[in-house]
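Source file: protein.tsv (TSV, C-alpha atoms and all ligand atoms)
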chain	number	residue	atom	x	y	z
F	199	MET	CA	15.16	-6.94	17.10
F	200	THR	CA	14.82	-4.51	14.26
F	201	ASP	CA	11.95	-4.50	11.83
F	202	ALA	CA	14.34	-5.46	9.05
F	203	ALA	CA	15.67	-8.42	11.03
F	204	LEU	CA	12.15	-9.65	11.68
F	205	GLY	CA	11.40	-9.51	8.00
F	206	GLU	CA	14.55	-11.29	6.93
F	207	ALA	CA	14.03	-14.13	9.37
F	208	ASP	CA	10.49	-14.50	8.19
F	209	LEU	CA	11.39	-14.52	4.55
F	210	ARG	CA	14.17	-17.04	5.10
F	211	ALA	CA	11.58	-19.34	6.60
F	212	GLY	CA	9.97	-19.34	3.18
F	213	ARG	CA	6.44	-19.50	4.41
F	214	TYR	CA	3.73	-17.13	5.39
F	215	THR	CA	4.46	-16.99	9.05
F	216	PRO	CA	3.66	-13.66	10.57
F	217	ALA	CA	6.79	-11.87	11.70
F	218	CYS	CA	4.85	-10.24	14.46
F	219	LEU	CA	1.31	-10.77	15.53
F	220	VAL	CA	-0.66	-8.16	17.34
F	221	ASN	CA	-4.15	-9.15	18.29
F	222	PRO	CA	-6.06	-6.37	20.00
F	223	ARG	CA	-8.06	-8.84	22.03
F	224	GLU	CA	-5.53	-11.54	22.69
F	225	ARG	CA	-1.83	-10.99	22.19
F	226	GLY	CA	0.18	-13.84	20.72
F	227	PRO	CA	1.15	-16.44	20.08
F	228	VAL	CA	3.65	-15.20	17.58
F	229	GLY	CA	3.87	-17.32	14.49
F	230	GLY	CA	1.54	-19.90	13.09
F	231	ARG	CA	-0.66	-19.92	10.07
F	232	LEU	CA	-2.65	-16.85	9.40
F	233	SER	CA	-6.27	-17.57	10.18
F	234	TRP	CA	-8.62	-15.92	7.77
F	235	ARG	CA	-12.05	-15.11	8.99
F	236	GLY	CA	-15.26	-13.78	7.69
F	237	SER	CA	-16.44	-13.84	4.14
F	238	VAL	CA	-18.74	-10.88	3.89
F	239	LEU	CA	-17.72	-8.01	1.70
F	240	HIS	CA	-19.06	-5.08	3.60
F	241	ARG	CA	-20.24	-1.94	2.03
F	242	ARG	CA	-17.35	0.44	2.06
F	243	PRO	CA	-18.64	3.70	3.46
F	244	PHE	CA	-15.11	4.91	4.15
F	245	HIS	CA	-13.01	3.85	1.26
F	246	SER	CA	-9.80	5.69	0.65
F	247	VAL	CA	-7.22	3.21	-0.53
F	248	VAL	CA	-5.20	2.19	-3.53
F	249	CYS	CA	-5.48	-1.22	-5.09
F	250	THR	CA	-2.08	-1.64	-6.67
F	251	LEU	CA	0.92	-0.41	-4.71
F	252	ALA	CA	4.47	-1.08	-5.90
F	253	VAL	CA	7.39	0.04	-3.77
F	254	ALA	CA	11.03	-0.21	-4.85
F	255	TRP	CA	12.88	0.04	-1.56
F	256	GLN	CA	16.67	0.38	-1.46
F	257	ALA	CA	16.63	-0.84	-5.05
F	258	LEU	CA	17.49	2.30	-7.04
F	259	PRO	CA	20.77	4.12	-6.34
F	260	GLU	CA	19.35	7.62	-6.45
F	261	ALA	CA	16.18	7.02	-4.48
F	262	PRO	CA	15.88	4.54	-1.60
F	263	VAL	CA	12.09	4.83	-1.81
F	264	ALA	CA	10.29	4.82	-5.18
F	265	VAL	CA	6.59	4.13	-5.54
F	266	ALA	CA	4.02	3.44	-8.25
F	267	ALA	CA	0.38	3.17	-7.18
F	268	ASN	CA	-3.10	3.07	-8.70
F	269	ARG	CA	-6.10	4.14	-6.68
F	270	ASP	CA	-9.28	2.24	-7.48
F	271	GLU	CA	-12.44	3.84	-6.18
F	272	GLN	CA	-16.07	4.56	-6.84
F	273	LEU	CA	-16.18	6.92	-9.77
F	274	ASP	CA	-18.40	9.47	-8.07
F	275	ARG	CA	-16.39	9.77	-4.89
F	276	PRO	CA	-14.81	13.24	-4.72
F	277	SER	CA	-11.11	13.69	-4.15
F	278	GLU	CA	-8.40	16.30	-4.45
F	279	GLY	CA	-4.97	15.90	-6.01
F	280	PRO	CA	-1.71	15.92	-4.07
F	281	THR	CA	-0.55	19.17	-2.57
F	282	ARG	CA	1.11	20.43	0.59
F	283	ARG	CA	-0.97	19.48	3.64
F	284	LYS	CA	-0.42	19.51	7.37
F	285	TYR	CA	-0.90	16.44	9.54
F	286	GLY	CA	-0.36	17.28	13.21
F	287	SER	CA	2.66	19.55	13.03
F	288	THR	CA	4.13	17.74	10.01
F	289	ILE	CA	4.06	18.95	6.43
F	290	ALA	CA	3.34	16.33	3.79
F	291	ILE	CA	2.49	16.02	0.13
F	292	ALA	CA	-0.61	13.90	-0.37
F	293	PRO	CA	-3.90	13.77	-2.24
F	294	GLN	CA	-7.09	13.83	-0.21
F	295	ASP	CA	-10.38	12.03	-0.05
F	296	ALA	CA	-12.81	14.94	-0.09
F	297	ARG	CA	-15.55	13.05	1.71
F	298	VAL	CA	-13.71	11.94	4.83
F	299	GLY	CA	-10.48	13.87	4.65
F	300	GLY	CA	-8.00	11.02	4.73
F	301	THR	CA	-5.54	10.00	2.06
F	302	TRP	CA	-4.22	6.86	0.40
F	303	ALA	CA	-0.60	7.64	-0.44
F	304	GLY	CA	1.80	10.41	0.40
F	305	TYR	CA	5.10	11.37	1.98
F	306	ASN	CA	6.15	13.91	4.58
F	307	GLU	CA	8.98	16.32	5.30
F	308	HIS	CA	10.89	13.57	7.14
F	309	GLY	CA	11.10	11.47	3.99
F	310	LEU	CA	8.49	9.00	5.27
F	311	PHE	CA	6.26	7.37	2.65
F	312	VAL	CA	2.87	5.84	3.50
F	313	GLY	CA	0.55	3.95	1.14
F	314	ILE	CA	-2.47	1.73	1.80
F	315	THR	CA	-4.49	-0.85	-0.13
F	316	ASN	CA	-7.80	-2.50	0.50
F	317	ARG	CA	-7.72	-6.13	1.66
F	318	TRP	CA	-10.49	-8.33	0.37
F	319	GLY	CA	-12.38	-10.73	2.53
F	320	ALA	CA	-11.36	-9.65	6.00
F	321	GLY	CA	-15.06	-9.27	6.83
F	322	LEU	CA	-14.51	-6.47	9.29
F	323	ARG	CA	-16.81	-3.62	10.12
F	324	SER	CA	-15.43	-0.33	9.00
F	325	GLU	CA	-15.90	2.19	11.77
F	326	ARG	CA	-13.14	4.57	10.76
F	327	SER	CA	-11.67	5.43	7.41
F	328	ARG	CA	-8.39	3.72	6.68
F	329	GLY	CA	-7.44	6.94	4.95
F	330	LEU	CA	-7.50	8.68	8.33
F	331	LEU	CA	-4.97	6.14	9.58
F	332	VAL	CA	-2.69	7.10	6.68
F	333	ALA	CA	-3.12	10.75	7.67
F	334	ASP	CA	-2.18	9.87	11.26
F	335	ILE	CA	0.98	8.15	10.07
F	336	LEU	CA	1.96	11.09	7.88
F	337	ALA	CA	2.18	13.11	11.10
F	338	GLU	CA	5.02	10.85	12.30
F	339	ALA	CA	8.75	11.29	11.74
F	340	THR	CA	9.99	7.70	11.79
F	341	VAL	CA	8.91	4.20	10.81
F	342	ARG	CA	9.16	3.19	14.46
F	343	ALA	CA	6.73	5.91	15.50
F	344	ALA	CA	4.47	4.97	12.59
F	345	ARG	CA	4.41	1.38	13.80
F	346	GLU	CA	3.34	2.46	17.26
F	347	THR	CA	0.61	4.58	15.71
F	348	VAL	CA	-0.70	1.65	13.66
F	349	GLU	CA	-0.65	-0.74	16.61
F	350	ARG	CA	-2.42	1.75	18.85
F	351	SER	CA	-4.94	2.70	16.20
F	352	VAL	CA	-6.13	-0.83	15.39
F	353	GLU	CA	-6.70	-1.42	19.09
F	354	ARG	CA	-8.75	1.73	19.36
F	355	HIS	CA	-10.69	1.83	16.08
F	356	GLY	CA	-12.53	-0.58	13.83
F	357	TYR	CA	-10.97	-0.72	10.39
F	358	ALA	CA	-11.82	-2.70	7.30
F	359	GLY	CA	-9.01	-4.94	6.07
F	360	PHE	CA	-5.92	-3.27	4.71
F	361	GLN	CA	-2.31	-3.58	3.75
F	362	LEU	CA	-0.09	-0.66	4.48
F	363	ILE	CA	3.51	0.15	3.63
F	364	VAL	CA	5.53	2.69	5.57
F	365	ALA	CA	9.06	3.34	4.33
F	366	ASP	CA	11.90	5.77	4.65
F	367	ALA	CA	15.49	5.50	3.46
F	368	GLU	CA	16.52	3.16	6.29
F	369	THR	CA	13.46	1.03	7.11
F	370	ALA	CA	10.42	-0.31	5.29
F	371	VAL	CA	7.54	-2.18	6.90
F	372	LEU	CA	4.45	-3.95	5.56
F	373	PHE	CA	1.41	-4.02	7.85
F	374	GLU	CA	-1.43	-6.43	7.06
F	375	TRP	CA	-4.70	-6.08	8.95
F	376	ASP	CA	-7.48	-8.65	8.80
F	377	GLY	CA	-8.58	-8.43	12.43
F	378	ASP	CA	-5.06	-9.37	13.48
F	379	LEU	CA	-2.11	-7.17	12.67
F	380	TYR	CA	0.92	-8.65	10.94
F	381	VAL	CA	4.05	-6.53	10.78
F	382	ARG	CA	6.87	-7.47	8.44
F	383	GLY	CA	10.12	-5.69	7.66
F	384	LEU	CA	10.77	-5.49	3.94
F	385	THR	CA	13.99	-6.57	2.30
F	386	PRO	CA	15.51	-4.48	-0.51
F	387	GLY	CA	13.79	-4.86	-3.84
F	388	VAL	CA	10.34	-4.44	-5.29
F	389	THR	CA	7.23	-5.23	-3.26
F	390	VAL	CA	3.82	-5.18	-4.96
F	391	VAL	CA	0.72	-5.01	-2.77
F	392	VAL	CA	-2.74	-5.81	-4.12
F	393	ASN	CA	-6.10	-6.68	-2.53
F	394	VAL	CA	-5.13	-10.26	-1.67
F	395	GLY	CA	-1.70	-9.68	-0.15
F	396	ALA	CA	1.81	-8.73	-1.18
F	397	ALA	CA	4.42	-10.03	-3.61
F	398	LEU	CA	7.65	-9.45	-1.69
F	399	PRO	CA	11.19	-9.41	-3.11
F	400	ASP	CA	11.80	-12.98	-1.84
F	401	GLY	CA	8.34	-14.48	-1.52
F	402	ASP	CA	4.81	-13.39	-0.99
F	403	THR	CA	1.83	-13.28	1.35
F	404	LEU	CA	-0.69	-13.68	-1.46
F	405	ALA	CA	-3.69	-15.81	-0.56
F	406	PRO	CA	-5.77	-16.27	-3.71
F	407	GLY	CA	-7.24	-19.54	-2.50
F	408	GLU	CA	-8.90	-18.15	0.57
F	409	PRO	CA	-12.70	-18.09	0.72
F	410	SER	CA	-14.23	-15.69	-1.72
F	411	ALA	CA	-15.82	-12.60	-0.26
F	412	GLY	CA	-19.15	-11.43	-1.58
F	413	ARG	CA	-18.76	-10.47	-5.20
F	414	VAL	CA	-15.04	-11.19	-5.20
F	415	THR	CA	-14.62	-14.53	-6.87
F	416	GLU	CA	-11.70	-16.84	-6.39
F	417	ALA	CA	-10.81	-16.23	-10.05
F	418	ARG	CA	-10.56	-12.52	-9.36
F	419	ARG	CA	-8.39	-13.15	-6.32
F	420	SER	CA	-6.16	-15.43	-8.35
F	421	GLU	CA	-5.90	-12.81	-11.07
F	422	GLN	CA	-4.76	-10.27	-8.53
F	423	ALA	CA	-2.11	-12.59	-7.15
F	424	THR	CA	-0.79	-13.26	-10.65
F	425	ALA	CA	-0.78	-9.56	-11.46
F	426	ALA	CA	1.18	-8.80	-8.31
F	427	ARG	CA	3.87	-11.39	-9.08
F	428	GLN	CA	4.14	-10.26	-12.69
F	429	LEU	CA	4.39	-6.62	-11.72
F	430	ARG	CA	7.06	-7.44	-9.15
F	431	GLU	CA	9.18	-9.10	-11.86
F	432	ARG	CA	8.50	-6.39	-14.38
F	433	LEU	CA	9.38	-3.53	-12.07
F	434	ALA	CA	12.61	-5.12	-10.81
F	435	PRO	CA	15.21	-2.40	-11.45
F	436	ARG	CA	17.49	-2.98	-14.39
F	437	SER	CA	21.23	-2.67	-14.13
F	438	ASP	CA	22.21	0.96	-13.50
F	439	GLU	CA	18.63	2.07	-13.97
F	440	ARG	CA	17.96	5.69	-13.09
F	441	VAL	CA	14.96	6.45	-10.94
F	442	GLY	CA	13.41	8.57	-13.70
F	443	ALA	CA	13.48	5.62	-16.08
F	444	TRP	CA	11.94	3.36	-13.43
F	445	LEU	CA	9.13	5.82	-12.78
F	446	ASP	CA	8.50	6.16	-16.51
F	447	ARG	CA	8.10	2.47	-17.14
F	448	SER	CA	6.15	2.00	-13.90
F	449	GLY	CA	3.66	4.56	-15.17
F	450	VAL	CA	3.28	2.57	-18.38
F	451	ALA	CA	2.78	-0.67	-16.44
F	452	LEU	CA	0.10	0.90	-14.24
F	453	GLY	CA	-1.88	1.89	-17.33
F	454	GLU	CA	-2.20	-1.62	-18.70
F	455	HIS	CA	-5.34	-3.67	-18.45
F	456	GLU	CA	-3.93	-7.16	-18.23
F	457	ASN	CA	-4.86	-8.73	-14.92
F	458	GLY	CA	-6.77	-5.67	-13.86
F	459	VAL	CA	-3.99	-3.28	-12.93
F	460	CYS	CA	-5.85	-0.38	-14.56
F	461	VAL	CA	-9.52	-1.03	-13.84
F	462	HIS	CA	-12.58	0.22	-15.71
F	463	GLY	CA	-15.76	-1.00	-14.07
F	464	ASP	CA	-19.38	-0.02	-13.69
F	465	GLY	CA	-19.27	2.91	-11.31
F	466	PHE	CA	-15.91	1.79	-10.00
F	467	GLY	CA	-12.41	1.86	-11.40
F	468	THR	CA	-8.93	3.30	-11.37
F	469	ARG	CA	-9.40	6.92	-10.47
F	470	SER	CA	-5.87	8.19	-10.27
F	471	SER	CA	-2.26	7.11	-10.23
F	472	SER	CA	0.80	8.22	-8.30
F	473	LEU	CA	4.53	7.94	-9.00
F	474	LEU	CA	6.88	9.03	-6.22
F	475	ALA	CA	10.59	9.03	-5.55
F	476	LEU	CA	12.26	9.98	-2.28
F	477	GLY	CA	15.99	10.42	-2.69
F	478	ASP	CA	18.36	13.31	-3.22
F	479	ARG	CA	15.43	14.82	-5.03
F	480	ARG	CA	11.83	14.27	-3.95
F	481	GLU	CA	9.27	14.06	-6.69
F	482	TYR	CA	5.60	13.19	-6.94
F	483	HIS	CA	3.93	12.73	-10.31
F	484	PHE	CA	0.17	12.39	-10.35
F	485	ALA	CA	-2.33	11.31	-13.00
F	486	SER	CA	-5.79	12.59	-12.07
F	487	GLY	CA	-7.53	9.84	-14.06
F	488	PRO	CA	-6.83	6.30	-15.25
F	489	PRO	CA	-3.14	6.18	-16.23
F	490	CYS	CA	-3.98	4.47	-19.54
F	491	GLU	CA	-5.42	7.76	-20.78
F	492	THR	CA	-4.24	10.41	-18.35
F	493	PRO	CA	-0.72	11.89	-18.45
F	494	TYR	CA	1.20	12.28	-15.22
F	495	SER	CA	2.17	15.74	-14.17
F	496	GLU	CA	4.65	16.62	-11.47
F	497	VAL	CA	3.33	18.16	-8.30
F	498	ASP	CA	4.89	21.62	-7.98
F	499	GLU	CA	5.33	21.68	-4.23
F	500	GLN	CA	7.66	19.28	-2.54
F	501	VAL	CA	8.79	19.01	1.06
D	1	ZN	ZN	-7.18	1.95	-18.11

Once more with this new file: its structure as structure tokens, please.
Ligand SMILES: [Zn+2]
Amino acid sequence: MTDAALGEADLRAGRYTPACLVNPRERGPVGGRLSWRGSVLHRRPFHSVVCTLAVAWQALPEAPVAVAANRDEQLDRPSEGPTRRKYGSTIAIAPQDARVGGTWAGYNEHGLFVGITNRWGAGLRSERSRGLLVADILAEATVRAARETVERSVERHGYAGFQLIVADAETAVLFEWDGDLYVRGLTPGVTVVVNVGAALPDGDTLAPGEPSAGRVTEARRSEQATAARQLRERLAPRSDERVGAWLDRSGVALGEHENGVCVHGDGFGTRSSSLLALGDRREYHFASGPPCETPYSEVDEQV
């Protein structure tokens, strides 16, 4: 069964039933209600993720993959902007977390996009940076190979909770990790991933009512879920919309403060923003500060 078929069947079911369950300790059973565990928000010593990730997949005629993402992070954590980097033997364009060396969003010479968000409340010990997992995936050529890398890596390493999208022109997959790994093929349209799950083109995995984690209140979780659904509707491509127009208005949407899409906190907030399109032309526009006040500029090098 293909990833896409798994996703379609799951979405048709109209409920949050994992398309595929991979438990490192005990495989299966497939299906059933996602069991949430833990309620401790751990310190995040390795934190290299975005907190709003919108992917328009097979939704714009010129670019099967188009992405708009905000990275929320501690304000004093050093990072470098996107440029040409090598992962394994693969060339990619990605920013970099200067402390650990991983990344949070990028694409490679094979046209493979990878982006990751934090997942609140999983209560897992972080033993390895999630950003290093993104770097591992950027070394891969296909979504299938990326999936094997993710499945292998969560068995081998301890990661804090995450959601991860890997997409190329033909296949797009959402991975959700909260101690179990849920793998879901995306259907064409706009998917918006936030810290409490994903708003998918035909449904969502958002779980705002789950137990609050540390400082994260249920109100904050609910706000995130609402923001994700609103952003999904707002970023739905218009009739005959060109990818440039979609990226432009996505950049505007990412700079707004309603529902905490662009975040300004005490020592923590939206640090940068990325707009990408992978089609006939590959482009990556990067704002090196909060998108409400920082213009995007196009990365010179592309692969
Ligand atoms: Zn702002």

- Message: Please return as a ChimeraX atom specification the residues found within 7 Å of ligand ZN 1 (chain D), counting all atoms listed in the file.
- Response: /F:453-455,460-462,488-491

Wanna dump the region 359-393 of chain F-region 324-341 of chain F contacts at 8 Å for me, each residue with its shortest atom pair and the distance in Å to one decimal, counting all atoms listed in the file, ordered by chain and number, as a tab-separated table?
residue	atom	partner	partner_atom	distance
F:Phe360	CA	F:Arg328	CA	7.7
F:Val364	CA	F:Val341	CA	6.4
F:Ala365	CA	F:Val341	CA	6.5
F:Asp366	CA	F:Val341	CA	7.0
F:Thr369	CA	F:Val341	CA	6.7
F:Ala370	CA	F:Val341	CA	7.3
F:Val371	CA	F:Val341	CA	7.6

- Message: With distances taken over all atoms listed in the file, which residue among F:Pro435, F:Gly279, F:Gly309, F:Gly442 lies nearest Ala257 (chain F)?
- Response: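 Ranking F:Pro435, F:Gly279, F:Gly309, F:Gly442 by distance to Ala257 (chain F), first place goes to F:Pro435.
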
- In Å, rounded to a single decimal, give me how far CA of Glu349 (chain F) is from CA of Asp378 (chain F).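 Atom-to-atom, CA of Asp378 (chain F) to CA of Glu349 (chain F), that is 10.2 Å.
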
- Item | Sphere at (14.3, 5.7, -10.5), radius 10 Å, counting all atoms listed in the file: residues as a ChimeraX atom specification | /F:254,257-265,435,438-448,474-477

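For the set F:Ala396, F:Glu499, F:Ala423, F:Phe373, the residue with the smallest atom-to-atom gap to Thr347 (chain F) is F:Phe373, counting only C-alpha atoms.
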
- Query: Of the candidates F:Glu496, F:Val388, F:Leu362, F:Ala405, which shows the shortest atom-to-atom distance to Leu433 (chain F), using all atoms listed in the file?
  - Reply: F:Val388

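What separates CA of Ala425 (chain F) from CA of Val312 (chain F) is a distance of 21.8 Å.
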
- For Arg432 (chain F), the nearest of the candidates F:Gly449, F:Gly321, F:Thr301, F:Pro280, counting all atoms listed in the file: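 Checking each of F:Gly449, F:Gly321, F:Thr301, F:Pro280 against Arg432 (chain F), counting all atoms listed in the file, the winner is F:Gly449.
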